[in-house]
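Quick notes on the structure that follows.
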Amino acid sequence: MDINQQLQPIVAGILDNLKGSIEAELRDQISNEIVKKIADTEFNSIVSRLVEQQTAQRLNQFNFQGASDEVLSEKVAELTDQINKTIAVAANQQVNAFVTQKLAAVDLKSMVSELIASKLGSILESRNFPEKSIPHTSINFDGLTLTGDQIQGGIIQNFGSTGIEDRSSFVQMTLMDHATAFEAAVYVPEIKVAGALTVEGSLVINGEISADGKGFVKLVDQTSDAVKAKLDDALFEGFSDTIFKKIQTDGLDLNRITQEGRDVVKGNQLGYQIVDSNLRRLGVVNDLQTSGENLLSETVYVTKGRVGINTIDPTAVFNIWDQEVEITISKHAQDTGYISTPRYQKLILGANNKENITLDVDGSVKIDNLSLGGISMSSAGTVPNYPGTLGQLVWNSNPGHGGAIGWVCLGATQWAKFGTVE
């Protein structure tokens with residue numbers, strides 16, 4: 001509450017009462033002083049002298065011989081009235097001059113100051129001022145000091161100090177001997193609790209928790225120990241059973257799986273960094289690169305620098321086994337390839353399911369129908385009797401002394417022998 005509002009009526013009342021008292025006191029004091037001064041003068045002699053002078057003047061002007069008693073009485077009454085008026089005017093002038101002279105010699109300012117100080121002191125010591133009797137504008141508050149011990153009771157509106165600013169419209173904090181109660185939220189930049197802290201409601205932390213704090217480290221350690229103590233096989237089995245049942249019921253939808261920021265599975269694609277897996281079945285593979293041994297359908301075996309068909313121990317770059325028959329393809333010499341049967345087995349080259357060329361185990365080659373530069377060559381035991389092509393050669397498979405080495409076709413069914421066995 002503003003102290004000016006409290007003191008204004010008190011001071012106003014004091015000044016009003018003081019003003020009336022000073023005026024009455026000053027008026028009485030001046031009146032007494034004037035009466036005293038007038039009483040000390042020779043007023044009687046002055047009045048007597050004035051009356052004698054006025055009477056003599058009037059009597060000298062009056063004609064006693066020609067006046068009657070009645071007229072004389074009127075004249076005497078008139079004269080007496082004039083004398084009284086004259087005396088009164090003269091007396092007033094004399095008194096005014098005397099009073100003015102005496103007042104000029106009196107120190108009225110000091111007299112009033114003494115009266116005010118005396119009267120104000122007695123009033124302040126013995127009188128209770130009426131409510132709202134002294135306006136605050138009439139009081140000099142310079143040097144006024146109020147302590148907290150002098151203020152008691154009531155509610156201070158819009159209280160403020162160098163450390164407190166009150167903007168509340170109702171009670172926000174209650175101070176008691178055993179506790180301090182806050183009626184609404186408390187906003188502080190920092191709180192330090194030296195004793196115990198008990199939170200009965202919810203604890204919401206929107207900021208960060210310092211990882212270096214002893215309490216946080218202890219909480220983490222105790223939580224970790226408690227979790228480790230409960231991590232038994234029964235717990236994991238319960239989780240795994242729940243997960244497997246969920247997967248069996250709803251399936252597992254993995255649209256994207258990443259590893260160290262790189263995609264392992266993304267839609268229908270596998271990441272390029274996947275280099276080791278145990279895939280059992282694939283669809284169409286557009287680009288497949290492997291390293292190390294590979295076995296496809298227990299038939300094709302691939303290892304570094306070797307490919308085996310129906311064998312996991314290829315002896316050449318390309319090794320084919322068909323039951324007991326083994327065929328290899330490899331390098332034979334510098335810039336020379338080699339196809340062979342490394343075991344005691346002959347090799348047949350054919351087309352259209354024909355045995356065109358037969359490579360025998362003794363190194364021989366058998367060709368039943370050979371064509372060189374467009375000339376067909378074959379063998380027979382007798383002269384051919386079927387139509388042939390011009391220049392076609394038939395070797396004699398049953399030669400004898402004097403017989404032909406072979407026959408050449410001259411067109412249609414015409415055959416001529418060439419060469420003679422001698």
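By order in the structure tokens, chains are A, B, ...; within a chain, residues start at 1; ligands start at 1, following the order shown.
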
Helix (DSSP H, G or I) call set, DSSP backbone run, segment 190-292 of chain A, as a count of residues only
35

Need to verify the contact set: Gly403 of chain A, 10 Å, only C-alpha atoms, exclusion of same-chain residues closer than 6 positions in sequence. Can you return it as a PyMOL selection string?
chain A and resi 396+417-422

Could you save the residues just selected, with N, CA and C atoms, as a PDB file, in the first residue's frame?
ATOM      1  N   ASN A 396      39.419 -97.394-102.321  1.00  0.00           N
ATOM      2  CA  ASN A 396      39.224 -98.857-102.375  1.00  0.00           C
ATOM      3  C   ASN A 396      39.616 -99.432-101.031  1.00  0.00           C
ATOM      4  N   LYS A 417      38.580 -95.415-112.331  1.00  0.00           N
ATOM      5  CA  LYS A 417      39.542 -95.733-111.292  1.00  0.00           C
ATOM      6  C   LYS A 417      40.756 -94.826-111.434  1.00  0.00           C
ATOM      7  N   PHE A 418      41.424 -94.676-110.314  1.00  0.00           N
ATOM      8  CA  PHE A 418      42.682 -93.917-110.361  1.00  0.00           C
ATOM      9  C   PHE A 418      43.689 -94.680-109.521  1.00  0.00           C
ATOM     10  N   GLY A 419      44.841 -94.646-109.993  1.00  0.00           N
ATOM     11  CA  GLY A 419      45.927 -95.332-109.338  1.00  0.00           C
ATOM     12  C   GLY A 419      45.833 -96.864-109.467  1.00  0.00           C
ATOM     13  N   THR A 420      47.028 -97.505-109.443  1.00  0.00           N
ATOM     14  CA  THR A 420      47.079 -98.983-109.548  1.00  0.00           C
ATOM     15  C   THR A 420      47.973 -99.509-108.450  1.00  0.00           C
ATOM     16  N   VAL A 421      47.531-100.536-107.835  1.00  0.00           N
ATOM     17  CA  VAL A 421      48.321-101.178-106.786  1.00  0.00           C
ATOM     18  C   VAL A 421      49.302-102.106-107.472  1.00  0.00           C
ATOM     19  N   GLU A 422      50.605-101.846-107.426  1.00  0.00           N
ATOM     20  CA  GLU A 422      51.622-102.692-108.096  1.00  0.00           C
ATOM     21  C   GLU A 422      52.409-103.464-107.062  1.00  0.00           C
TER      22      GLU A 422
END

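Contact shell of segment 268-272 of chain A at 12 Å (only C-alpha atoms; same-chain neighbours under 2 positions omitted): A:Asp253, A:Leu254, A:Asn255, A:Arg256, A:Ile257, A:Thr258, A:Gln259, A:Glu260, A:Gly261, A:Arg262, A:Asp263, A:Val264, A:Val265, A:Lys266, A:Ile274, A:Val275, A:Asp276, A:Ser277, A:Leu279, A:Leu282, A:Gly283, A:Val285, A:Asn286, A:Asp287, A:Leu288, A:Gln289, A:Thr290.
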
Would you mind exporting the chosen residues as a PDB file, in the first residue's frame, restricted to C-alpha atoms?
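File written: selection.pdb
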ATOM      1  CA  ASP A 253       7.609 -57.254 -43.895  1.00  0.00           C
ATOM      2  CA  LEU A 254      11.157 -56.016 -44.451  1.00  0.00           C
ATOM      3  CA  ASN A 255      10.955 -53.426 -47.152  1.00  0.00           C
ATOM      4  CA  ARG A 256      14.319 -51.971 -46.269  1.00  0.00           C
ATOM      5  CA  ILE A 257      17.256 -53.165 -44.154  1.00  0.00           C
ATOM      6  CA  THR A 258      20.425 -51.105 -43.787  1.00  0.00           C
ATOM      7  CA  GLN A 259      23.884 -51.897 -42.478  1.00  0.00           C
ATOM      8  CA  GLU A 260      26.235 -49.034 -41.540  1.00  0.00           C
ATOM      9  CA  GLY A 261      24.142 -46.690 -43.638  1.00  0.00           C
ATOM     10  CA  ARG A 262      24.104 -48.925 -46.717  1.00  0.00           C
ATOM     11  CA  ASP A 263      21.098 -50.872 -47.965  1.00  0.00           C
ATOM     12  CA  VAL A 264      21.137 -54.627 -47.352  1.00  0.00           C
ATOM     13  CA  VAL A 265      17.595 -55.134 -48.573  1.00  0.00           C
ATOM     14  CA  LYS A 266      15.627 -52.468 -50.389  1.00  0.00           C
ATOM     15  CA  ILE A 274      26.477 -58.578 -49.244  1.00  0.00           C
ATOM     16  CA  VAL A 275      29.358 -60.982 -49.972  1.00  0.00           C
ATOM     17  CA  ASP A 276      28.530 -63.956 -47.739  1.00  0.00           C
ATOM     18  CA  SER A 277      25.143 -65.678 -47.454  1.00  0.00           C
ATOM     19  CA  LEU A 279      20.745 -68.600 -49.833  1.00  0.00           C
ATOM     20  CA  LEU A 282      17.000 -67.712 -56.144  1.00  0.00           C
ATOM     21  CA  GLY A 283      14.930 -66.581 -59.066  1.00  0.00           C
ATOM     22  CA  VAL A 285      19.864 -63.786 -61.414  1.00  0.00           C
ATOM     23  CA  ASN A 286      20.898 -61.087 -63.870  1.00  0.00           C
ATOM     24  CA  ASP A 287      24.330 -60.469 -62.441  1.00  0.00           C
ATOM     25  CA  LEU A 288      26.008 -62.940 -60.080  1.00  0.00           C
ATOM     26  CA  GLN A 289      29.582 -62.706 -58.911  1.00  0.00           C
ATOM     27  CA  THR A 290      31.106 -65.168 -56.461  1.00  0.00           C
TER      28      THR A 290
END

Between atom CA of Asn319 of chain A and atom CA of Asn294 of chain A, what distance in Å does the model show, to one decimal?
14.9 Å

Which residues come within 10 Å of Ile357 of chain A, counting only C-alpha atoms, excluding same-chain residues fewer than 2 positions away, as a VMD selection string?
chain A and resid 347 to 351 354 to 355 359 to 360 365 to 370

Resulting file, chosen residues, N, CA and C atoms, as a PDB file, in the first residue's frame:
ATOM      1  N   LEU A 347      37.325 -90.877 -78.365  1.00  0.00           N
ATOM      2  CA  LEU A 347      36.556 -89.647 -78.398  1.00  0.00           C
ATOM      3  C   LEU A 347      35.918 -89.498 -79.765  1.00  0.00           C
ATOM      4  N   ILE A 348      34.646 -89.260 -79.825  1.00  0.00           N
ATOM      5  CA  ILE A 348      33.903 -89.123 -81.076  1.00  0.00           C
ATOM      6  C   ILE A 348      33.369 -87.701 -81.164  1.00  0.00           C
ATOM      7  N   LEU A 349      33.605 -87.121 -82.348  1.00  0.00           N
ATOM      8  CA  LEU A 349      33.040 -85.822 -82.656  1.00  0.00           C
ATOM      9  C   LEU A 349      31.967 -86.026 -83.690  1.00  0.00           C
ATOM     10  N   GLY A 350      30.750 -85.509 -83.435  1.00  0.00           N
ATOM     11  CA  GLY A 350      29.660 -85.752 -84.381  1.00  0.00           C
ATOM     12  C   GLY A 350      28.703 -84.601 -84.446  1.00  0.00           C
ATOM     13  N   ALA A 351      27.834 -84.639 -85.443  1.00  0.00           N
ATOM     14  CA  ALA A 351      26.771 -83.660 -85.624  1.00  0.00           C
ATOM     15  C   ALA A 351      25.530 -84.397 -86.080  1.00  0.00           C
ATOM     16  N   LYS A 354      25.435 -87.983 -85.501  1.00  0.00           N
ATOM     17  CA  LYS A 354      26.289 -88.818 -86.353  1.00  0.00           C
ATOM     18  C   LYS A 354      27.675 -88.907 -85.748  1.00  0.00           C
ATOM     19  N   GLU A 355      28.389 -89.981 -86.042  1.00  0.00           N
ATOM     20  CA  GLU A 355      29.765 -90.130 -85.581  1.00  0.00           C
ATOM     21  C   GLU A 355      30.697 -89.639 -86.695  1.00  0.00           C
ATOM     22  N   LEU A 359      38.125 -90.450 -82.613  1.00  0.00           N
ATOM     23  CA  LEU A 359      39.514 -90.397 -82.158  1.00  0.00           C
ATOM     24  C   LEU A 359      39.726 -91.611 -81.279  1.00  0.00           C
ATOM     25  N   ASP A 360      40.571 -92.540 -81.738  1.00  0.00           N
ATOM     26  CA  ASP A 360      40.730 -93.825 -81.040  1.00  0.00           C
ATOM     27  C   ASP A 360      41.831 -93.719 -79.998  1.00  0.00           C
ATOM     28  N   VAL A 365      42.460 -91.624 -86.202  1.00  0.00           N
ATOM     29  CA  VAL A 365      41.249 -90.846 -86.451  1.00  0.00           C
ATOM     30  C   VAL A 365      40.435 -91.562 -87.507  1.00  0.00           C
ATOM     31  N   LYS A 366      39.152 -91.681 -87.257  1.00  0.00           N
ATOM     32  CA  LYS A 366      38.283 -92.361 -88.200  1.00  0.00           C
ATOM     33  C   LYS A 366      37.206 -91.390 -88.648  1.00  0.00           C
ATOM     34  N   ILE A 367      37.161 -91.215 -90.023  1.00  0.00           N
ATOM     35  CA  ILE A 367      36.155 -90.335 -90.612  1.00  0.00           C
ATOM     36  C   ILE A 367      35.453 -91.127 -91.699  1.00  0.00           C
ATOM     37  N   ASP A 368      34.194 -91.386 -91.583  1.00  0.00           N
ATOM     38  CA  ASP A 368      33.475 -92.164 -92.578  1.00  0.00           C
ATOM     39  C   ASP A 368      33.161 -91.333 -93.824  1.00  0.00           C
ATOM     40  N   ASN A 369      32.948 -90.056 -93.737  1.00  0.00           N
ATOM     41  CA  ASN A 369      32.596 -89.220 -94.881  1.00  0.00           C
ATOM     42  C   ASN A 369      33.348 -87.915 -94.723  1.00  0.00           C
ATOM     43  N   LEU A 370      34.418 -87.786 -95.593  1.00  0.00           N
ATOM     44  CA  LEU A 370      35.280 -86.633 -95.458  1.00  0.00           C
ATOM     45  C   LEU A 370      35.120 -85.743 -96.664  1.00  0.00           C
TER      46      LEU A 370
END

Using only C-alpha atoms, which protein or nucleic acid residues come within 10 Å of Lys331 of chain A? Drop anything in the same chain fewer than 5 positions from it, and give the result as JSON, numbers by chain.
{"A": [316, 317, 336, 337, 338, 339]}

Dump of C-alpha atoms for the selected residues, as a PDB file, in the first residue's frame:
ATOM      1  CA  ALA A 316      41.822 -79.460 -65.892  1.00  0.00           C
ATOM      2  CA  VAL A 317      40.412 -76.020 -66.463  1.00  0.00           C
ATOM      3  CA  THR A 336      47.460 -74.320 -78.198  1.00  0.00           C
ATOM      4  CA  GLY A 337      44.222 -75.675 -76.775  1.00  0.00           C
ATOM      5  CA  TYR A 338      43.535 -79.339 -75.992  1.00  0.00           C
ATOM      6  CA  ILE A 339      40.395 -81.467 -75.841  1.00  0.00           C
TER       7      ILE A 339
END

Name the residues of segment 98-285 of chain A that fall into strand (DSSP E) according to DSSP on the backbone, using the chain letters and numbers of this document, as a compact mmCIF listing (two decimals) with C-alpha atoms, in the first residue's frame.
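Contents of out-v5.txt, as written:
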# COMPACT_ATOMS: atom_id res chain seq x y z
CA MET A 173 3.13 -18.42 -2.35
CA THR A 174 2.38 -19.15 1.30
CA LEU A 175 5.18 -19.01 3.88
CA THR A 180 6.63 -22.99 1.83
CA ALA A 181 3.65 -23.72 -0.43
CA PHE A 182 3.47 -22.64 -4.09
CA ARG A 256 14.32 -51.97 -46.27
CA ILE A 257 17.26 -53.16 -44.15
CA THR A 258 20.43 -51.11 -43.79
CA GLN A 259 23.88 -51.90 -42.48
CA ARG A 262 24.10 -48.93 -46.72
CA ASP A 263 21.10 -50.87 -47.96
CA VAL A 264 21.14 -54.63 -47.35
CA VAL A 265 17.60 -55.13 -48.57
CA LYS A 266 15.63 -52.47 -50.39
CA GLN A 269 17.03 -55.65 -54.29
CA LEU A 270 19.98 -56.97 -52.29

Show me, as a list of chain:residue names, the residues that have an atom within 12 Å of segment 167-170 of chain A when counting only C-alpha atoms, minus same-chain residues fewer than 4 positions from it.
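So, after excluding close chain neighbours, the residues are A:Ile155, A:Ile156, A:Gln157, A:Asn158, A:Phe159, A:Gly160, A:Thr174, A:Phe182, A:Glu183, A:Ala184.
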
In terms of the shortest atom-to-atom distance over only C-alpha atoms, which of A:Tyr344, A:Val302, A:Val307, A:Gln101 is closest to Thr328 of chain A?
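Nearest to Thr328 of chain A: A:Val307.
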